[in-house]
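J.: Contents are CSV, C-alpha atoms; file name structure28.csv:
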chain,number,residue,atom,x,y,z
A,6,MET,CA,-41.5,9.9,-7.3
A,7,ASP,CA,-41.1,6.2,-6.6
A,8,ARG,CA,-43.7,4.3,-8.8
A,9,HIS,CA,-42.6,1.0,-7.4
A,10,PRO,CA,-42.9,1.1,-3.6
A,11,ALA,CA,-41.4,-1.7,-1.7
A,12,PRO,CA,-43.7,-4.7,-1.2
A,13,ARG,CA,-45.4,-4.9,2.2
A,14,PRO,CA,-43.7,-7.4,4.5
A,15,GLY,CA,-45.5,-10.8,4.9
A,16,PRO,CA,-46.9,-12.1,8.2
A,17,ALA,CA,-44.6,-13.1,10.9
A,18,PRO,CA,-43.6,-16.8,10.8
A,19,LEU,CA,-44.6,-19.5,13.3
A,20,LEU,CA,-42.0,-21.4,15.3
A,21,ILE,CA,-43.4,-24.6,17.0
A,22,ALA,CA,-40.9,-26.0,19.6
A,23,CYS,CA,-40.9,-29.5,21.0
A,24,ALA,CA,-38.3,-31.6,22.8
A,25,LEU,CA,-38.7,-35.3,21.9
A,26,GLY,CA,-38.4,-37.2,18.7
A,27,ILE,CA,-41.8,-38.7,19.2
A,28,GLU,CA,-43.3,-35.3,19.6
A,29,HIS,CA,-41.6,-34.1,16.5
A,30,LEU,CA,-42.9,-37.1,14.6
A,31,ALA,CA,-46.4,-36.4,15.7
A,32,LEU,CA,-46.2,-32.8,14.5
A,33,ARG,CA,-44.5,-33.7,11.2
A,34,THR,CA,-47.2,-36.2,10.4
A,35,GLY,CA,-50.2,-34.1,11.5
A,36,ASP,CA,-52.6,-32.1,9.3
A,37,ARG,CA,-50.7,-29.2,7.8
A,38,SER,CA,-53.3,-28.2,5.2
A,39,GLY,CA,-53.9,-24.8,6.9
A,40,ALA,CA,-50.3,-24.1,7.7
A,41,PRO,CA,-49.0,-20.5,7.3
A,42,GLY,CA,-46.5,-19.9,4.6
A,43,ALA,CA,-43.5,-19.9,7.0
A,44,MET,CA,-43.6,-22.5,9.7
A,45,THR,CA,-40.8,-24.2,11.5
A,46,VAL,CA,-41.1,-27.2,13.8
A,47,LEU,CA,-38.0,-27.2,16.0
A,48,ARG,CA,-36.8,-30.1,18.1
A,49,THR,CA,-35.0,-28.6,21.0
A,50,GLY,CA,-33.9,-31.7,22.9
A,51,MET,CA,-34.9,-32.4,26.5
A,52,GLY,CA,-34.5,-30.0,29.4
A,53,PRO,CA,-34.7,-26.3,29.9
A,54,GLN,CA,-31.1,-25.6,28.9
A,55,ASN,CA,-31.4,-27.4,25.6
A,56,ALA,CA,-34.7,-25.6,25.0
A,57,GLU,CA,-33.2,-22.2,25.8
A,58,ARG,CA,-30.2,-22.7,23.6
A,59,ALA,CA,-32.2,-24.1,20.6
A,60,VAL,CA,-34.9,-21.4,20.7
A,61,THR,CA,-32.5,-18.5,21.2
A,62,GLY,CA,-30.4,-19.8,18.3
A,63,ALA,CA,-33.5,-20.2,16.0
A,64,LEU,CA,-34.8,-16.8,16.8
A,65,GLY,CA,-31.4,-15.3,16.0
A,66,LYS,CA,-31.8,-16.2,12.4
A,67,GLU,CA,-33.2,-13.5,10.1
A,68,ASN,CA,-36.1,-15.6,8.8
A,69,LEU,CA,-37.4,-16.3,12.3
A,70,ARG,CA,-36.5,-13.0,14.0
A,71,ASP,CA,-40.1,-12.0,14.5
A,72,ALA,CA,-41.7,-15.4,14.7
A,73,ALA,CA,-44.6,-16.2,17.0
A,74,VAL,CA,-43.6,-19.1,19.3
A,75,LEU,CA,-45.6,-22.0,20.5
A,76,ALA,CA,-44.2,-24.6,22.9
A,77,THR,CA,-45.8,-28.0,22.7
A,78,GLY,CA,-45.4,-31.7,23.4
A,79,PHE,CA,-46.2,-33.9,26.3
A,80,CYS,CA,-46.5,-33.0,30.0
A,81,ALA,CA,-47.4,-34.4,33.4
A,82,GLY,CA,-50.7,-33.5,34.8
A,83,LEU,CA,-50.8,-32.4,38.4
A,84,ALA,CA,-54.5,-32.1,39.2
A,85,PRO,CA,-56.8,-35.0,40.3
A,86,GLY,CA,-59.1,-36.1,37.5
A,87,MET,CA,-56.6,-35.5,34.6
A,88,HIS,CA,-56.2,-38.3,32.1
A,89,PRO,CA,-53.7,-39.2,29.4
A,90,GLY,CA,-54.8,-37.4,26.2
A,91,ASP,CA,-56.2,-34.3,28.0
A,92,LEU,CA,-54.9,-31.0,26.8
A,93,VAL,CA,-53.3,-28.2,28.8
A,94,VAL,CA,-53.4,-24.6,27.5
A,95,ALA,CA,-51.1,-22.5,29.6
A,96,GLU,CA,-52.3,-19.1,30.9
A,97,GLU,CA,-48.7,-18.5,31.9
A,98,THR,CA,-45.5,-20.6,32.2
A,99,ARG,CA,-43.4,-20.5,35.3
A,100,ASP,CA,-39.9,-21.3,36.4
A,101,ALA,CA,-37.3,-20.0,38.8
A,102,ARG,CA,-36.9,-16.8,36.8
A,103,GLY,CA,-40.6,-15.9,37.1
A,104,SER,CA,-43.6,-16.2,34.9
A,105,THR,CA,-44.3,-15.5,31.2
A,106,PRO,CA,-47.9,-14.6,30.3
A,107,CYS,CA,-49.3,-16.4,27.2
A,108,THR,CA,-51.1,-14.9,24.3
A,109,GLY,CA,-54.6,-15.9,23.1
A,110,THR,CA,-55.4,-18.6,25.6
A,111,GLY,CA,-59.1,-18.4,25.1
A,112,LEU,CA,-58.8,-18.7,21.3
A,113,LEU,CA,-56.6,-21.7,21.7
A,114,VAL,CA,-59.1,-23.4,23.9
A,115,GLU,CA,-61.9,-22.8,21.4
A,116,GLU,CA,-59.8,-24.1,18.5
A,117,LEU,CA,-58.6,-27.2,20.3
A,118,VAL,CA,-62.1,-28.1,21.2
A,119,ARG,CA,-62.9,-28.0,17.5
A,120,ALA,CA,-59.7,-29.8,16.4
A,121,VAL,CA,-59.9,-32.6,19.0
A,122,PRO,CA,-63.6,-33.0,19.9
A,123,GLY,CA,-64.3,-35.0,23.1
A,124,ARG,CA,-60.9,-34.2,24.7
A,125,THR,CA,-60.9,-32.3,28.0
A,126,VAL,CA,-59.0,-29.0,27.8
A,127,HIS,CA,-57.5,-27.6,31.0
A,128,THR,CA,-56.3,-24.0,31.5
A,129,GLY,CA,-54.0,-22.6,34.2
A,130,PRO,CA,-50.3,-22.1,35.0
A,131,LEU,CA,-47.8,-24.5,33.5
A,132,THR,CA,-44.7,-24.9,35.6
A,133,GLY,CA,-41.2,-25.9,34.5
A,134,SER,CA,-38.8,-28.5,36.0
A,135,ASP,CA,-35.4,-29.7,35.2
A,136,HIS,CA,-36.3,-33.3,35.9
A,137,VAL,CA,-39.1,-35.8,35.6
A,138,VAL,CA,-41.7,-35.1,38.3
A,139,ARG,CA,-43.2,-38.0,40.2
A,140,GLY,CA,-45.0,-39.0,43.4
A,141,GLN,CA,-45.2,-36.5,46.2
A,142,GLU,CA,-43.5,-33.7,44.2
A,143,ARG,CA,-46.6,-33.5,42.0
A,144,GLY,CA,-48.6,-32.5,45.1
A,145,ALA,CA,-46.1,-29.9,46.0
A,146,LEU,CA,-46.3,-28.3,42.6
A,147,LEU,CA,-50.1,-28.5,42.6
A,148,ALA,CA,-50.1,-26.5,45.8
A,149,THR,CA,-48.4,-23.6,44.0
A,150,GLY,CA,-51.4,-23.4,41.7
A,151,ALA,CA,-49.9,-25.1,38.7
A,152,ILE,CA,-52.0,-27.6,36.8
A,153,ALA,CA,-49.2,-29.3,34.8
A,154,VAL,CA,-45.4,-29.6,34.6
A,155,ASP,CA,-42.9,-30.1,31.8
A,156,MET,CA,-39.3,-29.5,31.2
A,157,GLU,CA,-39.1,-27.1,28.3
A,158,SER,CA,-42.2,-24.8,27.9
A,159,ALA,CA,-41.1,-22.2,30.5
A,160,ALA,CA,-37.6,-22.0,29.1
A,161,THR,CA,-38.9,-21.8,25.5
A,162,LEU,CA,-41.3,-18.9,26.2
A,163,HIS,CA,-38.8,-17.1,28.5
A,164,SER,CA,-36.2,-17.2,25.6
A,165,ALA,CA,-38.8,-16.1,23.1
A,166,VAL,CA,-39.9,-12.9,24.9
A,167,ARG,CA,-36.4,-12.1,26.0
A,168,THR,CA,-35.3,-11.8,22.3
A,169,GLY,CA,-38.2,-9.5,21.3
A,170,GLN,CA,-41.9,-8.7,21.4
A,171,ARG,CA,-43.9,-11.6,19.9
A,172,PRO,CA,-47.0,-13.8,20.6
A,173,VAL,CA,-46.2,-16.8,22.7
A,174,ALA,CA,-48.2,-19.8,23.9
A,175,ALA,CA,-47.8,-23.3,25.3
A,176,VAL,CA,-50.1,-26.2,24.7
A,177,ARG,CA,-49.3,-29.6,26.1
A,178,VAL,CA,-50.9,-33.0,26.0
A,179,VAL,CA,-51.1,-34.9,29.3
A,180,VAL,CA,-49.2,-38.2,28.9
A,181,ASP,CA,-49.4,-39.1,32.6
A,182,ALA,CA,-51.3,-37.9,35.6
A,183,PRO,CA,-51.4,-38.7,39.4
A,184,GLN,CA,-53.6,-41.8,38.8
A,185,HIS,CA,-52.0,-42.7,35.5
A,186,GLU,CA,-48.2,-42.5,35.9
A,187,LEU,CA,-46.4,-43.4,32.7
A,188,VAL,CA,-43.4,-45.7,32.7
A,189,ARG,CA,-42.2,-45.1,29.1
A,190,ILE,CA,-43.7,-43.1,26.3
A,191,GLY,CA,-45.2,-45.1,23.5
A,192,THR,CA,-45.3,-48.4,25.4
A,193,VAL,CA,-48.7,-48.0,27.2
A,194,ARG,CA,-52.1,-46.8,26.2
A,195,GLY,CA,-51.6,-43.3,27.7
A,196,GLY,CA,-48.6,-42.6,25.6
A,197,ILE,CA,-50.3,-43.7,22.4
A,198,SER,CA,-53.4,-41.6,23.2
A,199,ALA,CA,-51.2,-38.5,23.8
A,200,PHE,CA,-49.4,-39.1,20.5
A,201,ARG,CA,-52.7,-39.2,18.6
A,202,VAL,CA,-53.9,-36.0,20.2
A,203,LEU,CA,-50.7,-34.2,19.5
A,204,ARG,CA,-51.0,-35.2,15.8
A,205,ALA,CA,-54.4,-33.5,15.7
A,206,VAL,CA,-53.7,-30.1,17.2
A,207,LEU,CA,-51.9,-28.3,14.3
A,208,PRO,CA,-55.1,-26.7,12.9
A,209,ALA,CA,-55.7,-25.0,16.3
A,210,PHE,CA,-52.1,-23.7,16.3
A,211,PHE,CA,-52.6,-22.2,12.8
A,212,GLU,CA,-55.7,-20.4,13.9
A,213,TRP,CA,-54.0,-19.0,16.9
A,214,HIS,CA,-51.1,-17.9,14.7
A,215,ARG,CA,-53.4,-16.1,12.3
A,216,SER,CA,-55.3,-14.3,15.1
A,217,SER,CA,-52.3,-13.1,17.1
A,218,LEU,CA,-49.8,-12.0,14.4
A,219,LEU,CA,-47.5,-9.1,14.9
A,220,PRO,CA,-46.4,-7.3,11.7
A,221,ARG,CA,-42.8,-7.6,10.7
A,222,ARG,CA,-40.7,-4.7,11.7
Take the structure in this file and express it as structure tokens.
T.:
Amino acid sequence: MDRHPAPRPGPAPLLIACALGIEHLALRTGDRSGAPGAMTVLRTGMGPQNAERAVTGALGKENLRDAAVLATGFCAGLAPGMHPGDLVVAEETRDARGSTPCTGTGLLVEELVRAVPGRTVHTGPLTGSDHVVRGQERGALLATGAIAVDMESAATLHSAVRTGQRPVAAVRVVVDAPQHELVRIGTVRGGISAFRVLRAVLPAFFEWHRSSLLPRR
């Protein structure tokens, strides 16, 4: 009889994916006091192809094989009334390959309201693009039902679920909107506001992670 059973596996780790150096900086310098034991912040590089390659590679490693995946960073808001610093919690991400449903959207909204009081949180479909969207193209995407667009979230979540069953989510900070188009991140008030919000969201991500874990296989 085995008197020393194998230890129970720990909780699945958390992989947070972003594209830009400024997004990575915001996440690295945010409040990590409630972080799970195993958390990785992955900078994928810009665009869907880079995101797909980086996330697939990361999830191919043994220590991240069962990780929950959360895509984050900045986005362009599509709906009238959006402002820089608003938050977008995706109900699903979309691209040419279809849609990926997100896990725990309601919980994320609740936790973001606590983490960043006073900021507006929008929920709805988050669509993907392979280029920066401006002008009339925003209206065309809004007509599809999407409320925001970015270049990496859809590819990140598609890659994540393709490699195995796991919780996935996407949370983006609006850095420009129809009435507030951004010329260059970090040079105007909108970019600075979005950076500060992104620094503050980690506690909400940690609560989502704790509430949506899958046991290791």
J.: Need the shell around Leu162 of chain A: protein/DNA/RNA residues with any atom at most 8 Å away, counting only C-alpha atoms. Skip same-chain ones fewer than 6 positions apart. Format as a list in words?
T.: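 In the requested format, the answer is Val74, Leu75, Ala76, Thr98, Thr105, Val173, Ala174 and Ala175 of chain A.
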J.: Would you pick out the contacts of Leu207 of chain A at 7 Å or less, using only C-alpha atoms, so that residues sharing its chain but fewer than 5 positions from it are not included, and give the list as an MDAnalysis selection string?
T.: chainID A and resid 35:37
J.: Nearest to Glu57 of chain A among A:Ala22, A:Arg177, A:Pro130, A:Val154, with distances taken over all atoms listed in the file: which residue is it?
T.: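 Of A:Ala22, A:Arg177, A:Pro130, A:Val154, the one nearest Glu57 of chain A is A:Ala22, counting all atoms listed in the file.
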J.: Enter the distance from atom CA of Ala72 of chain A to atom CA of Leu203 of chain A, in Å, rounded to one decimal.
T.: 21.4 Å
J.: Give as a ChimeraX atom specification every residue, naming chains and numbers as the document does, that has an atom within 6 Å of (-37.4, -23.5, 15.3), counting all atoms listed in the file.
T.: /A:20,45-47,63
J.: Once you count all atoms listed in the file, what closest atom pair and distance in Å to one decimal does each residue of segment 58-87 of chain A within 12 Å of segment 164-168 of chain A have, with rows by chain and rising residue number, as CSV?
T.:
residue,atom,partner,partner_atom,distance
A:Arg58,CA,A:Ser164,CA,8.4
A:Ala59,CA,A:Ser164,CA,9.4
A:Val60,CA,A:Ser164,CA,6.6
A:Thr61,CA,A:Ser164,CA,5.9
A:Gly62,CA,A:Ser164,CA,9.7
A:Ala63,CA,A:Ala165,CA,9.8
A:Leu64,CA,A:Thr168,CA,7.4
A:Gly65,CA,A:Thr168,CA,8.2
A:Lys66,CA,A:Thr168,CA,11.4
A:Leu69,CA,A:Ala165,CA,10.9
A:Arg70,CA,A:Thr168,CA,8.5
A:Asp71,CA,A:Thr168,CA,9.2
A:Ala72,CA,A:Ala165,CA,8.9
A:Ala73,CA,A:Ala165,CA,8.4
A:Val74,CA,A:Ala165,CA,6.8
A:Leu75,CA,A:Ala165,CA,9.4
A:Ala76,CA,A:Ala165,CA,10.1
J.: From the set A:Asp100, A:Asp181, A:Glu157, A:Glu212, which residue has the shortest atom-to-atom contact distance to Ala24 of chain A, counting only C-alpha atoms?
T.: A:Glu157
J.: Name the closest residue to Gly103 of chain A among the candidates A:Gly133, A:Pro41, A:Gly78, A:Gly140; distances are taken between atoms, counting all atoms listed in the file.
T.: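 Among A:Gly133, A:Pro41, A:Gly78, A:Gly140, it is A:Gly133 that comes nearest to Gly103 of chain A.
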J.: For Cys80 of chain A, find every residue with an atom within 9 Å (counting all atoms listed in the file), except residues of its own chain fewer than 2 positions away, and show them as JSON, numbers by chain.
T.: {"A": [77, 78, 82, 93, 153, 154, 155, 156, 177, 178, 179, 180, 181, 182]}
J.: How would the residues just picked look written out with C-alpha atoms as a PDB file, keeping the file's coordinate frame?
T.:
ATOM      1  CA  THR A  77     -45.800 -28.000  22.700  1.00  0.00           C
ATOM      2  CA  GLY A  78     -45.400 -31.700  23.400  1.00  0.00           C
ATOM      3  CA  GLY A  82     -50.700 -33.500  34.800  1.00  0.00           C
ATOM      4  CA  VAL A  93     -53.300 -28.200  28.800  1.00  0.00           C
ATOM      5  CA  ALA A 153     -49.200 -29.300  34.800  1.00  0.00           C
ATOM      6  CA  VAL A 154     -45.400 -29.600  34.600  1.00  0.00           C
ATOM      7  CA  ASP A 155     -42.900 -30.100  31.800  1.00  0.00           C
ATOM      8  CA  MET A 156     -39.300 -29.500  31.200  1.00  0.00           C
ATOM      9  CA  ARG A 177     -49.300 -29.600  26.100  1.00  0.00           C
ATOM     10  CA  VAL A 178     -50.900 -33.000  26.000  1.00  0.00           C
ATOM     11  CA  VAL A 179     -51.100 -34.900  29.300  1.00  0.00           C
ATOM     12  CA  VAL A 180     -49.200 -38.200  28.900  1.00  0.00           C
ATOM     13  CA  ASP A 181     -49.400 -39.100  32.600  1.00  0.00           C
ATOM     14  CA  ALA A 182     -51.300 -37.900  35.600  1.00  0.00           C
TER      15      ALA A 182
END
J.: What is the atom CA of Trp213 of chain A to atom CA of His127 of chain A distance in Å?
T.: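 Calculated distance between atom CA of Trp213 of chain A and atom CA of His127 of chain A is 16.9 Å.
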J.: For Val206 of chain A, which residue out of A:Met51, A:Ala40, A:Ala120, A:Leu92 is the nearest one, using all atoms listed in the file?
T.: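 Closest residue, counting all atoms listed in the file: A:Ala120.
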J.: So what do you get for atom CA of His88 of chain A versus atom CA of Val138 of chain A, distance-wise?
T.: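 Atom CA of Val138 of chain A lies at a distance of 16.1 Å from atom CA of His88 of chain A.
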J.: Using only C-alpha atoms, find the one residue out of A:Ala43, A:Val121, A:Ile152, A:Leu113 that sits nearest to Phe210 of chain A.
T.: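 Of all the options, A:Leu113 lies closest to Phe210 of chain A.
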J.: Find, counting all atoms listed in the file, the residue in A:Thr110, A:Thr49, A:Ser134, A:Gln54 that gets nearest to Ala209 of chain A.
T.: A:Thr110
J.: Would you mind completing segment 130-141 of chain A so that it carries all heavy atoms, and writing it out as a compact mmCIF listing (two decimals), in the frame of the given file?
T.:
# COMPACT_ATOMS: atom_id res chain seq x y z
N PRO A 130 -51.77 -22.27 35.09
CA PRO A 130 -50.30 -22.10 35.00
C PRO A 130 -49.64 -23.46 34.71
O PRO A 130 -50.01 -24.52 35.23
CB PRO A 130 -49.94 -21.64 36.43
CG PRO A 130 -51.21 -21.08 37.00
CD PRO A 130 -52.31 -21.91 36.42
N LEU A 131 -48.63 -23.39 33.86
CA LEU A 131 -47.80 -24.50 33.50
C LEU A 131 -46.42 -24.29 34.05
O LEU A 131 -45.78 -23.29 33.71
CB LEU A 131 -47.76 -24.68 31.97
CG LEU A 131 -46.87 -25.75 31.35
CD1 LEU A 131 -47.31 -27.14 31.79
CD2 LEU A 131 -46.90 -25.64 29.83
N THR A 132 -45.97 -25.15 34.92
CA THR A 132 -44.70 -24.90 35.60
C THR A 132 -43.58 -25.74 34.97
O THR A 132 -43.83 -26.78 34.38
CB THR A 132 -44.80 -25.21 37.11
OG1 THR A 132 -43.68 -24.64 37.79
CG2 THR A 132 -44.85 -26.70 37.39
N GLY A 133 -42.36 -25.24 35.11
CA GLY A 133 -41.20 -25.90 34.50
C GLY A 133 -40.42 -26.68 35.58
O GLY A 133 -40.44 -26.36 36.77
N SER A 134 -39.71 -27.70 35.13
CA SER A 134 -38.80 -28.50 36.00
C SER A 134 -37.63 -28.91 35.19
O SER A 134 -37.67 -28.97 33.95
CB SER A 134 -39.60 -29.74 36.49
OG SER A 134 -38.75 -30.59 37.24
N ASP A 135 -36.55 -29.22 35.88
CA ASP A 135 -35.40 -29.70 35.20
C ASP A 135 -35.21 -31.21 35.28
O ASP A 135 -34.18 -31.77 34.93
CB ASP A 135 -34.09 -29.00 35.70
CG ASP A 135 -33.84 -29.26 37.18
OD1 ASP A 135 -34.64 -30.00 37.82
OD2 ASP A 135 -32.86 -28.71 37.71
N HIS A 136 -36.30 -31.88 35.76
CA HIS A 136 -36.30 -33.30 35.90
C HIS A 136 -37.69 -33.86 35.80
O HIS A 136 -38.65 -33.10 35.88
CB HIS A 136 -35.63 -33.75 37.20
CG HIS A 136 -36.36 -33.22 38.41
ND1 HIS A 136 -36.16 -31.94 38.90
CD2 HIS A 136 -37.32 -33.77 39.20
CE1 HIS A 136 -36.93 -31.74 39.94
NE2 HIS A 136 -37.66 -32.83 40.15
N VAL A 137 -37.82 -35.16 35.61
CA VAL A 137 -39.10 -35.80 35.60
C VAL A 137 -39.75 -35.76 36.96
O VAL A 137 -39.10 -36.14 37.94
CB VAL A 137 -39.03 -37.23 35.04
CG1 VAL A 137 -40.39 -37.92 35.10
CG2 VAL A 137 -38.49 -37.24 33.61
N VAL A 138 -40.98 -35.29 37.05
CA VAL A 138 -41.70 -35.10 38.30
C VAL A 138 -42.55 -36.32 38.61
O VAL A 138 -43.39 -36.68 37.77
CB VAL A 138 -42.48 -33.81 38.35
CG1 VAL A 138 -43.30 -33.71 39.63
CG2 VAL A 138 -41.55 -32.61 38.21
N ARG A 139 -42.40 -36.90 39.78
CA ARG A 139 -43.20 -38.00 40.20
C ARG A 139 -43.63 -37.95 41.62
O ARG A 139 -43.11 -37.15 42.38
CB ARG A 139 -42.46 -39.37 39.94
CG ARG A 139 -42.05 -39.62 38.50
CD ARG A 139 -41.57 -41.05 38.31
NE ARG A 139 -41.12 -41.30 36.95
CZ ARG A 139 -41.91 -41.53 35.92
NH1 ARG A 139 -43.22 -41.56 36.10
NH2 ARG A 139 -41.43 -41.74 34.71
N GLY A 140 -44.61 -38.79 41.97
CA GLY A 140 -45.00 -39.00 43.40
C GLY A 140 -45.36 -37.73 44.11
O GLY A 140 -46.13 -36.89 43.62
N GLN A 141 -44.81 -37.57 45.29
CA GLN A 141 -45.20 -36.50 46.20
C GLN A 141 -44.84 -35.11 45.61
O GLN A 141 -45.47 -34.10 45.98
CB GLN A 141 -44.52 -36.66 47.55
CG GLN A 141 -45.03 -37.87 48.32
CD GLN A 141 -44.41 -37.97 49.70
OE1 GLN A 141 -43.43 -37.28 49.99
NE2 GLN A 141 -44.96 -38.84 50.53
